[in-house]
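Printed here is input_18.cif (mmCIF, C-alpha atoms):
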```
data_model
loop_
_atom_site.label_atom_id
_atom_site.label_comp_id
_atom_site.auth_asym_id
_atom_site.auth_seq_id
_atom_site.Cartn_x
_atom_site.Cartn_y
_atom_site.Cartn_z
CA MET E 168 0.00 0.00 0.00
CA HIS E 169 1.28 3.47 -0.86
CA ARG E 170 2.44 5.47 2.16
CA ARG E 171 0.74 8.85 2.14
CA ASN E 172 2.94 11.89 1.68
CA GLY E 173 1.72 14.94 3.63
CA ILE E 174 2.39 17.49 0.88
CA GLU E 175 0.95 15.26 -1.84
CA GLU E 176 -2.14 14.54 0.26
CA THR E 177 -2.66 18.28 0.79
CA GLU E 178 -2.30 18.91 -2.95
CA ILE E 179 -4.88 16.23 -3.72
CA ASP E 180 -7.26 17.67 -1.13
CA LEU E 181 -6.87 21.13 -2.71
CA LEU E 182 -7.46 19.79 -6.22
CA VAL E 183 -10.58 17.89 -5.16
CA GLU E 184 -11.86 20.99 -3.33
CA ALA E 185 -11.24 23.11 -6.44
CA ILE E 186 -13.19 20.63 -8.57
CA VAL E 187 -16.18 20.53 -6.23
CA ARG E 188 -16.31 24.33 -5.92
CA CYS E 189 -15.84 25.11 -9.62
CA HIS E 190 -17.46 22.12 -11.28
CA GLY E 191 -19.80 20.58 -8.71
CA PHE E 192 -18.33 17.08 -8.92
CA ASP E 193 -17.43 15.75 -5.47
CA PHE E 194 -14.59 13.24 -5.31
CA ARG E 195 -13.91 13.79 -1.60
CA GLY E 196 -15.26 10.38 -0.64
CA TYR E 197 -13.42 8.40 -3.33
CA ALA E 198 -11.01 5.70 -2.23
CA TRP E 199 -7.59 7.27 -1.70
CA SER E 200 -5.41 4.89 -3.74
CA SER E 201 -7.69 5.03 -6.79
CA LEU E 202 -8.05 8.81 -6.55
CA ARG E 203 -4.29 9.34 -6.27
CA ARG E 204 -3.55 7.05 -9.23
CA ARG E 205 -6.02 8.84 -11.47
CA ILE E 206 -4.83 12.30 -10.46
CA LEU E 207 -1.19 11.41 -11.12
CA GLY E 208 -2.29 10.06 -14.49
CA ALA E 209 -3.92 13.42 -15.22
CA VAL E 210 -0.71 15.22 -14.21
CA ALA E 211 1.21 13.14 -16.75
CA ARG E 212 -1.34 13.62 -19.55
CA GLU E 213 -1.65 17.37 -18.99
CA GLY E 214 2.13 17.78 -18.64
CA THR E 215 1.93 19.96 -15.51
CA GLY E 216 4.70 18.12 -13.65
CA THR E 217 3.02 18.46 -10.25
CA ILE E 218 -0.44 18.30 -8.72
CA SER E 219 -0.08 21.98 -7.81
CA GLY E 220 0.50 22.72 -11.48
CA LEU E 221 -2.62 20.73 -12.34
CA ILE E 222 -4.64 22.81 -9.86
CA GLU E 223 -3.46 26.04 -11.50
CA LEU E 224 -4.30 24.65 -14.95
CA VAL E 225 -7.85 23.53 -14.16
CA LEU E 226 -8.68 26.78 -12.36
CA HIS E 227 -7.87 28.80 -15.48
CA ASP E 228 -8.79 26.38 -18.29
CA PRO E 229 -12.39 25.04 -18.32
CA ALA E 230 -11.53 22.49 -21.02
CA ALA E 231 -8.69 21.12 -18.87
CA MET E 232 -11.07 20.98 -15.90
CA GLN E 233 -13.47 18.84 -17.96
CA ARG E 234 -10.67 16.52 -19.07
CA VAL E 235 -9.42 16.05 -15.52
CA VAL E 236 -12.91 15.40 -14.13
CA SER E 237 -13.49 12.80 -16.85
CA SER E 238 -10.15 11.14 -16.11
CA ILE E 239 -10.87 10.88 -12.38
CA ALA E 240 -14.40 9.54 -12.88
CA VAL E 241 -14.52 5.82 -13.62
CA ASN E 242 -15.96 5.04 -17.06
CA VAL E 243 -15.24 1.38 -17.69
CA SER E 244 -17.92 -0.99 -18.94
CA ALA E 245 -18.85 -3.56 -21.57
CA MET E 246 -22.01 -5.03 -23.04
CA PHE E 247 -23.24 -7.94 -20.91
CA ARG E 248 -20.33 -7.36 -18.56
CA ASP E 249 -20.10 -10.29 -16.13
CA PRO E 250 -22.38 -12.59 -18.18
CA PRO E 251 -23.45 -14.74 -15.17
CA PHE E 252 -25.02 -11.62 -13.66
CA PHE E 253 -27.22 -11.09 -16.72
CA LYS E 254 -28.03 -14.81 -16.85
CA ALA E 255 -29.15 -14.65 -13.20
CA PHE E 256 -31.15 -11.51 -13.94
CA ARG E 257 -32.88 -13.28 -16.83
CA ASP E 258 -33.67 -16.33 -14.70
CA ALA E 259 -34.51 -14.79 -11.30
CA VAL E 260 -35.55 -11.17 -11.86
CA VAL E 261 -37.52 -11.30 -15.11
CA PRO E 262 -40.22 -13.58 -13.61
CA LEU E 263 -40.73 -11.01 -10.84
CA LEU E 264 -40.96 -8.16 -13.33
CA ARG E 265 -43.70 -9.97 -15.25
CA THR E 266 -46.02 -9.28 -12.31
CA TYR E 267 -45.86 -5.49 -12.80
CA PRO E 268 -48.02 -3.64 -15.37
CA PHE E 269 -45.26 -1.04 -15.83
CA ILE E 270 -41.60 -1.40 -14.86
CA ARG E 271 -39.16 1.35 -13.85
CA VAL E 272 -35.44 0.58 -13.86
CA TRP E 273 -32.54 2.79 -12.77
CA GLN E 274 -29.04 2.12 -14.11
CA ALA E 275 -26.93 4.31 -11.81
CA GLY E 276 -23.47 5.21 -13.09
CA CYS E 277 -24.30 4.10 -16.63
CA SER E 278 -20.97 5.25 -18.13
CA MET E 279 -21.13 5.06 -21.94
CA GLY E 280 -24.33 3.01 -21.97
CA GLU E 281 -23.15 -0.52 -22.65
CA GLU E 282 -24.92 -2.09 -19.68
CA VAL E 283 -28.22 -0.25 -20.06
CA TYR E 284 -28.37 -1.29 -23.72
CA SER E 285 -27.60 -4.85 -22.60
CA LEU E 286 -30.53 -4.65 -20.23
CA ALA E 287 -32.76 -3.28 -23.00
CA ILE E 288 -31.84 -6.27 -25.18
CA LEU E 289 -32.54 -8.70 -22.33
CA LEU E 290 -35.93 -7.13 -21.61
CA GLU E 291 -36.78 -7.08 -25.32
CA GLU E 292 -36.10 -10.80 -25.57
CA ALA E 293 -38.22 -11.38 -22.47
CA GLY E 294 -41.13 -9.52 -24.09
CA LEU E 295 -41.12 -6.86 -21.35
CA TYR E 296 -39.36 -3.90 -22.92
CA ASP E 297 -42.50 -2.17 -24.18
CA ARG E 298 -43.75 -1.76 -20.62
CA CYS E 299 -40.42 -0.60 -19.22
CA ARG E 300 -38.82 2.79 -18.69
CA LEU E 301 -35.07 2.66 -18.14
CA TYR E 302 -33.38 5.64 -16.51
CA ALA E 303 -29.65 5.69 -17.22
CA THR E 304 -27.71 8.26 -15.21
CA ASP E 305 -24.13 9.35 -14.83
CA MET E 306 -22.34 12.33 -13.29
CA SER E 307 -20.62 13.22 -16.58
CA GLU E 308 -22.53 14.85 -19.42
CA ASP E 309 -19.66 13.91 -21.72
CA VAL E 310 -20.10 10.16 -21.21
CA LEU E 311 -23.89 10.55 -21.41
CA ARG E 312 -23.45 12.13 -24.84
CA GLN E 313 -21.45 9.09 -25.93
CA ALA E 314 -24.09 6.80 -24.43
CA ARG E 315 -26.84 8.50 -26.42
CA GLU E 316 -24.83 8.04 -29.64
CA ALA E 317 -24.76 4.25 -29.04
CA VAL E 318 -21.73 3.76 -31.28
CA TYR E 319 -18.89 1.49 -30.18
CA PRO E 320 -15.66 0.18 -31.72
CA LEU E 321 -16.38 -2.67 -34.10
CA ASN E 322 -13.48 -4.72 -32.77
CA LEU E 323 -15.33 -5.09 -29.45
CA MET E 324 -18.33 -6.85 -31.00
CA GLN E 325 -16.74 -10.30 -30.98
CA ARG E 326 -16.20 -10.10 -27.21
CA TYR E 327 -19.65 -8.60 -26.68
CA THR E 328 -21.16 -11.44 -28.73
CA GLN E 329 -19.49 -14.02 -26.48
CA ASN E 330 -20.75 -12.17 -23.40
CA TYR E 331 -24.26 -12.11 -24.87
CA ILE E 332 -24.24 -15.85 -25.55
CA GLN E 333 -22.94 -16.64 -22.06
CA ALA E 334 -25.62 -14.36 -20.60
CA GLY E 335 -28.35 -16.50 -22.15
CA GLY E 336 -29.08 -14.45 -25.27
CA THR E 337 -31.74 -16.03 -27.47
CA ARG E 338 -31.05 -14.40 -30.84
CA ALA E 339 -28.07 -13.51 -33.01
CA PHE E 340 -26.30 -10.57 -31.35
CA SER E 341 -25.58 -9.12 -34.81
CA GLU E 342 -29.31 -8.31 -35.07
CA TYR E 343 -28.76 -5.49 -32.58
CA TYR E 344 -26.13 -3.45 -34.42
CA THR E 345 -25.06 -2.25 -37.83
CA ALA E 346 -21.38 -2.36 -38.76
CA THR E 347 -19.94 0.65 -40.57
CA HIS E 348 -16.18 0.96 -41.19
CA GLU E 349 -14.55 0.56 -37.77
CA GLN E 350 -17.71 1.20 -35.73
CA ALA E 351 -20.85 -0.62 -34.65
CA ALA E 352 -24.03 1.43 -34.24
CA LEU E 353 -26.67 -0.13 -32.02
CA ARG E 354 -30.20 -0.44 -33.38
CA PRO E 355 -32.01 2.87 -32.69
CA SER E 356 -35.12 1.08 -31.42
CA LEU E 357 -33.16 -0.02 -28.34
CA GLN E 358 -33.23 3.61 -27.18
CA ARG E 359 -36.99 3.99 -27.35
CA ASN E 360 -37.58 3.42 -23.63
CA ILE E 361 -34.30 4.77 -22.22
CA VAL E 362 -33.99 8.18 -20.57
CA PHE E 363 -30.40 9.41 -20.20
CA SER E 364 -29.92 12.05 -17.52
CA GLN E 365 -27.20 13.59 -15.39
CA HIS E 366 -27.21 12.48 -11.74
CA ASN E 367 -24.41 12.51 -9.18
CA LEU E 368 -24.64 9.70 -6.63
CA VAL E 369 -22.49 11.70 -4.22
CA THR E 370 -24.51 14.92 -4.13
CA ASP E 371 -27.97 14.22 -5.59
CA GLY E 372 -30.97 12.56 -3.95
CA PRO E 373 -33.70 10.11 -5.02
CA PHE E 374 -35.75 11.13 -8.05
CA ASN E 375 -38.24 8.26 -8.47
CA GLU E 376 -39.24 4.83 -7.15
CA PHE E 377 -37.89 1.89 -9.10
CA HIS E 378 -38.61 -1.80 -9.36
CA VAL E 379 -34.95 -2.42 -10.21
CA VAL E 380 -31.83 -0.42 -9.34
CA LEU E 381 -28.51 -1.48 -10.83
CA CYS E 382 -25.38 0.20 -9.46
CA ARG E 383 -22.58 -2.09 -10.53
CA ASN E 384 -18.83 -1.53 -10.15
CA VAL E 385 -19.28 2.03 -8.89
CA LEU E 386 -19.21 1.67 -5.10
CA ILE E 387 -15.80 -0.03 -5.12
CA TYR E 388 -14.26 3.38 -5.87
CA PHE E 389 -15.84 5.03 -2.80
CA ASN E 390 -14.64 5.00 0.79
CA ARG E 391 -16.79 3.31 3.46
CA PRO E 392 -18.79 6.38 4.62
CA LEU E 393 -19.63 7.32 1.04
CA GLN E 394 -20.58 3.74 0.22
CA ASP E 395 -23.03 3.80 3.12
CA GLN E 396 -24.44 7.14 1.98
CA VAL E 397 -25.03 5.84 -1.55
CA HIS E 398 -26.52 2.57 -0.27
CA THR E 399 -29.06 4.65 1.66
CA LEU E 400 -29.92 6.54 -1.55
CA LEU E 401 -30.34 3.29 -3.51
CA HIS E 402 -32.55 1.81 -0.78
CA GLN E 403 -34.74 4.92 -0.74
CA SER E 404 -35.08 4.64 -4.53
CA LEU E 405 -36.45 1.08 -4.51
CA THR E 406 -40.10 0.11 -4.23
CA PRO E 407 -40.95 -2.53 -1.60
CA PHE E 408 -39.69 -5.89 -2.92
CA GLY E 409 -37.67 -4.09 -5.59
CA VAL E 410 -34.41 -5.62 -6.80
CA LEU E 411 -30.92 -4.22 -6.25
CA GLY E 412 -27.98 -5.34 -8.41
CA LEU E 413 -24.37 -4.68 -7.39
CA GLY E 414 -20.99 -5.46 -8.92
CA SER E 415 -19.16 -8.71 -8.29
CA LYS E 416 -16.77 -7.13 -5.76
CA GLU E 417 -19.45 -5.13 -3.94
CA THR E 418 -21.54 -6.19 -0.97
CA LEU E 419 -24.30 -5.14 1.39
CA ARG E 420 -22.45 -6.57 4.36
CA PHE E 421 -21.61 -4.13 7.12
CA THR E 422 -23.79 -1.39 5.61
CA SER E 423 -26.63 0.32 7.47
CA VAL E 424 -29.18 -1.18 5.03
CA GLU E 425 -27.96 -4.78 5.11
CA THR E 426 -30.98 -6.08 7.04
CA ASN E 427 -33.41 -4.37 4.62
CA TYR E 428 -32.64 -6.92 1.90
CA GLU E 429 -32.80 -10.63 1.33
CA PRO E 430 -30.55 -12.44 -1.16
CA LEU E 431 -32.16 -13.19 -4.51
CA VAL E 432 -29.04 -14.57 -6.19
CA GLU E 433 -26.31 -13.71 -3.71
CA SER E 434 -23.49 -15.14 -5.84
CA GLU E 435 -24.34 -12.52 -8.49
CA ARG E 436 -25.05 -9.73 -6.00
CA LEU E 437 -28.79 -9.58 -6.67
CA TYR E 438 -30.91 -8.66 -3.64
CA ARG E 439 -34.57 -7.96 -2.94
CA ARG E 440 -35.72 -5.16 -0.66
CA VAL E 441 -37.86 -6.50 2.18
CA ALA E 442 -37.92 -3.49 4.53
#
```

The structure given in the file should be rewritten as structure tokens.
Amino acid sequence: MHRRNGIEETEIDLLVEAIVRCHGFDFRGYAWSSLRRRILGAVAREGTGTISGLIELVLHDPAAMQRVVSSIAVNVSAMFRDPPFFKAFRDAVVPLLRTYPFIRVWQAGCSMGEEVYSLAILLEEAGLYDRCRLYATDMSEDVLRQAREAVYPLNLMQRYTQNYIQAGGTRAFSEYYTATHEQAALRPSLQRNIVFSQHNLVTDGPFNEFHVVLCRNVLIYFNRPLQDQVHTLLHQSLTPFGVLGLGSKETLRFTSVETNYEPLVESERLYRRVA
């Protein structure tokens, strides 16, 4: 583990404070090691030499501020990422959703949209998509713009196809995109029931009640108090008996809301709210 340096820690605190004051994005509760690594990466890319130099740059250059915020935020995803999760969702959650006349789903921290489009495909194949509304949110308007475009590198489609098959897909994955040059554009009809919107899990509150909330591979980048704060937000956003989906390295254990859920498919981090 990296030993904290007092001057470096102060510089990081000042940079994070500058970002929250000038841009509204709050990284103060992010895990230290991940935050430090991403900030030092930004120092190298921007060529400032020091964190203090990076602070001066972002305070006077809005474009640099946007680049640094995007580099600190975590935007890593894939279609049907962790296929067993989507297989478990298909097998255990879809039957529950069939009991609702209209279904609201929140994909929190949607990044560039790969997972919410995966969910749209799954719900389409289950015959449920036309009575669903999917809310896909992220803190970054830049990644939301990319998510709305629904265009991904063509060389990823082979891996995404394998993920789709392992996740229990029932059609040919190629039906869902059109290949052009080096890019793959997803079928526009997949967007028909998706609402993309900016939402910051750190600073914003609940905005609806949902039958499903997916917040996968986001909480691992937060420290323990912030994890607990976000878990409270997710719990407040679920209807009674709603389903929560977390990432493979995330857990409800030792959180203030742990007893408010029962395992649905615990191995895949799927839980049902019971209180």

Fewer than 3 positions away in the same chain doesn't count, so skip those; otherwise give me all residues within 8 Å of E:Val235, counting all atoms listed in the file, as an mmCIF file with C-alpha atoms, in the coordinates of the input.
```
data_model
loop_
_atom_site.group_PDB
_atom_site.id
_atom_site.type_symbol
_atom_site.label_atom_id
_atom_site.label_comp_id
_atom_site.auth_asym_id
_atom_site.auth_seq_id
_atom_site.Cartn_x
_atom_site.Cartn_y
_atom_site.Cartn_z
ATOM 1 C CA ILE E 206 -4.830 12.300 -10.460
ATOM 2 C CA ALA E 209 -3.920 13.420 -15.220
ATOM 3 C CA VAL E 225 -7.850 23.530 -14.160
ATOM 4 C CA ALA E 231 -8.690 21.120 -18.870
ATOM 5 C CA MET E 232 -11.070 20.980 -15.900
ATOM 6 C CA SER E 238 -10.150 11.140 -16.110
ATOM 7 C CA ILE E 239 -10.870 10.880 -12.380
#
```

Q. Care to translate the PyMOL selection byres ((chain E and resi 400-416) around 7) into actual residues of this file, as a list in words?
A. Gly372, Pro373, Asn375, Glu376, Phe377, His378, Val379, Val380, Leu381, Cys382, Arg383, Asn384, Gln396, Val397, His398, Thr399, Glu417, Thr418, Glu435, Arg436, Leu437, Tyr438, Arg439, Arg440, Val441 and Ala442 of chain E

Q) Which residue, E:Ala334, E:Ala198, E:Val318, E:Val432, has the smallest gap to E:Leu386 when you use all atoms listed in the file? A) E:Ala198

Residues around (-32.0, 5.7, -19.0), cut-off 8 Å, counting all atoms listed in the file - what are they as a short mmCIF file (atom, residue, chain, number, x, y, z; two decimals) with C-alpha atoms, in the frame of the given file?
```cif
data_model
loop_
_atom_site.label_atom_id
_atom_site.label_comp_id
_atom_site.auth_asym_id
_atom_site.auth_seq_id
_atom_site.Cartn_x
_atom_site.Cartn_y
_atom_site.Cartn_z
CA TRP E 273 -32.54 2.79 -12.77
CA GLN E 274 -29.04 2.12 -14.11
CA VAL E 283 -28.22 -0.25 -20.06
CA ARG E 300 -38.82 2.79 -18.69
CA LEU E 301 -35.07 2.66 -18.14
CA TYR E 302 -33.38 5.64 -16.51
CA ALA E 303 -29.65 5.69 -17.22
CA THR E 304 -27.71 8.26 -15.21
CA ASN E 360 -37.58 3.42 -23.63
CA ILE E 361 -34.30 4.77 -22.22
CA VAL E 362 -33.99 8.18 -20.57
CA PHE E 363 -30.40 9.41 -20.20
CA SER E 364 -29.92 12.05 -17.52
#
```

Q: Scan for residues within 12 Å of the point (-10.9, 22.1, -13.6) in the coordinates of the file, using all atoms listed in the file, and reply as a ChimeraX atom specification.
A: /E:181-192,206,209,213,220-239

Q) From the set E:Asp371, E:Glu282, E:Asp258, E:Glu349, which residue has the shortest atom-to-atom contact distance to E:Pro320, counting all atoms listed in the file? A) E:Glu349

(Q) If the PyMOL selection byres ((chain E and resi 255) around 10) were run on this exact file, what residues would it hold? Put them as a list in words. (A) Pro250, Pro251, Phe252, Phe253, Lys254, Phe256, Arg257, Asp258, Ala259, Val260, Val261, Ala334, Gly335, Leu431, Val432, Glu433, Ser434, Glu435, Arg436 and Leu437 of chain E

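Here the PyMOL selection byres ((chain E and resi 285) around 10) matches the residues E:Ala245, E:Met246, E:Phe247, E:Arg248, E:Phe253, E:Gly280, E:Glu281, E:Glu282, E:Val283, E:Tyr284, E:Leu286, E:Ala287, E:Ile288, E:Leu289, E:Leu290, E:Glu291, E:Tyr327, E:Tyr331, E:Ala334, E:Leu357.
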
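Nearest residue to E:Ala314 among E:Met279, E:Leu207, E:Ala293, E:Ile332 is E:Met279, counting all atoms listed in the file.
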
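Within 8 Å of E:Cys299, once all atoms listed in the file are used and residues closer than 5 positions along the same chain are dropped, the contacting residues are Phe269, Ile270, Arg271, Val272 and Asn360 of chain E.
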
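Take atom CA of E:Gln365 and atom CA of E:Ala317: the distance between them is 16.7 Å.
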
Q. So how many Å separate atom CA of E:Glu175 and atom CA of E:Thr217, to one decimal?
A. 9.2 Å

Q: Please indicate the distance in Å from atom CA of E:Met306 to atom CA of E:Asn367, rounded to one decimal place.
A: 4.6 Å

How big is the axis-aligned box, and where does its centre sit, when it encloses all atoms of stretch 297-307 of chain E listed in the file and has 8 Å added on every side, reported in Å to one decimal as JSON?
```
{"center_x": -32.2, "center_y": 5.5, "center_z": -18.7, "size_x": 39.1, "size_y": 31.4, "size_z": 26.9}
```

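For E:Ala352, the set of protein, DNA and RNA residues having any atom at most 10 Å away, when counting all atoms listed in the file and skipping those fewer than 6 positions along the same chain, is Glu316, Ala317, Val318, Tyr319, Pro320, Leu321, Tyr343, Tyr344, Thr345 and Ala346 of chain E.
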
Selected residues, C-alpha atoms, written as a PDB file, keeping the file's coordinate frame, please.
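Saved file result_6.pdb follows:
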```pdb
ATOM      1  CA  GLU E 316     -24.830   8.040 -29.640  1.00  0.00           C
ATOM      2  CA  ALA E 317     -24.760   4.250 -29.040  1.00  0.00           C
ATOM      3  CA  VAL E 318     -21.730   3.760 -31.280  1.00  0.00           C
ATOM      4  CA  TYR E 319     -18.890   1.490 -30.180  1.00  0.00           C
ATOM      5  CA  PRO E 320     -15.660   0.180 -31.720  1.00  0.00           C
ATOM      6  CA  LEU E 321     -16.380  -2.670 -34.100  1.00  0.00           C
ATOM      7  CA  TYR E 343     -28.760  -5.490 -32.580  1.00  0.00           C
ATOM      8  CA  TYR E 344     -26.130  -3.450 -34.420  1.00  0.00           C
ATOM      9  CA  THR E 345     -25.060  -2.250 -37.830  1.00  0.00           C
ATOM     10  CA  ALA E 346     -21.380  -2.360 -38.760  1.00  0.00           C
TER      11      ALA E 346
END
```

Rebuild stretch 373-392 of chain E to N, CA and C atoms - output it as a compact mmCIF listing (two decimals), in the coordinates of the input, please.
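Contents of rebuild.txt, freshly written:
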```
# COMPACT_ATOMS: atom_id res chain seq x y z
N PRO E 373 -32.79 10.96 -4.25
CA PRO E 373 -33.70 10.11 -5.02
C PRO E 373 -34.54 10.95 -5.97
N PHE E 374 -34.93 10.38 -7.10
CA PHE E 374 -35.75 11.13 -8.05
C PHE E 374 -36.94 10.32 -8.56
N ASN E 375 -37.09 9.08 -8.09
CA ASN E 375 -38.24 8.26 -8.47
C ASN E 375 -38.21 6.99 -7.63
N GLU E 376 -39.24 6.17 -7.75
CA GLU E 376 -39.24 4.83 -7.15
C GLU E 376 -39.10 3.81 -8.26
N PHE E 377 -38.22 2.83 -8.05
CA PHE E 377 -37.89 1.89 -9.10
C PHE E 377 -38.12 0.45 -8.66
N HIS E 378 -38.48 -0.37 -9.62
CA HIS E 378 -38.61 -1.80 -9.36
C HIS E 378 -37.25 -2.49 -9.40
N VAL E 379 -36.31 -1.90 -10.13
CA VAL E 379 -34.95 -2.42 -10.21
C VAL E 379 -33.98 -1.25 -10.16
N VAL E 380 -32.94 -1.38 -9.34
CA VAL E 380 -31.83 -0.42 -9.34
C VAL E 380 -30.55 -1.21 -9.53
N LEU E 381 -29.81 -0.87 -10.58
CA LEU E 381 -28.51 -1.48 -10.83
C LEU E 381 -27.44 -0.41 -10.61
N CYS E 382 -26.52 -0.70 -9.72
CA CYS E 382 -25.38 0.20 -9.46
C CYS E 382 -24.17 -0.70 -9.33
N ARG E 383 -23.59 -1.03 -10.47
CA ARG E 383 -22.58 -2.09 -10.53
C ARG E 383 -21.19 -1.51 -10.80
N ASN E 384 -20.23 -1.93 -9.96
CA ASN E 384 -18.83 -1.53 -10.15
C ASN E 384 -18.64 -0.02 -10.06
N VAL E 385 -19.41 0.60 -9.18
CA VAL E 385 -19.28 2.03 -8.89
C VAL E 385 -18.82 2.20 -7.44
N LEU E 386 -19.47 1.49 -6.53
CA LEU E 386 -19.21 1.67 -5.10
C LEU E 386 -17.79 1.27 -4.69
N ILE E 387 -17.15 0.41 -5.48
CA ILE E 387 -15.80 -0.03 -5.12
C ILE E 387 -14.80 1.13 -5.15
N TYR E 388 -15.16 2.23 -5.79
CA TYR E 388 -14.26 3.38 -5.87
C TYR E 388 -14.52 4.40 -4.76
N PHE E 389 -15.50 4.11 -3.88
CA PHE E 389 -15.84 5.03 -2.80
C PHE E 389 -15.29 4.51 -1.48
N ASN E 390 -15.03 5.44 -0.55
CA ASN E 390 -14.64 5.00 0.79
C ASN E 390 -15.89 4.53 1.55
N ARG E 391 -15.68 3.95 2.74
CA ARG E 391 -16.79 3.31 3.46
C ARG E 391 -17.94 4.27 3.81
N PRO E 392 -17.67 5.48 4.33
CA PRO E 392 -18.79 6.38 4.62
C PRO E 392 -19.60 6.75 3.38
```
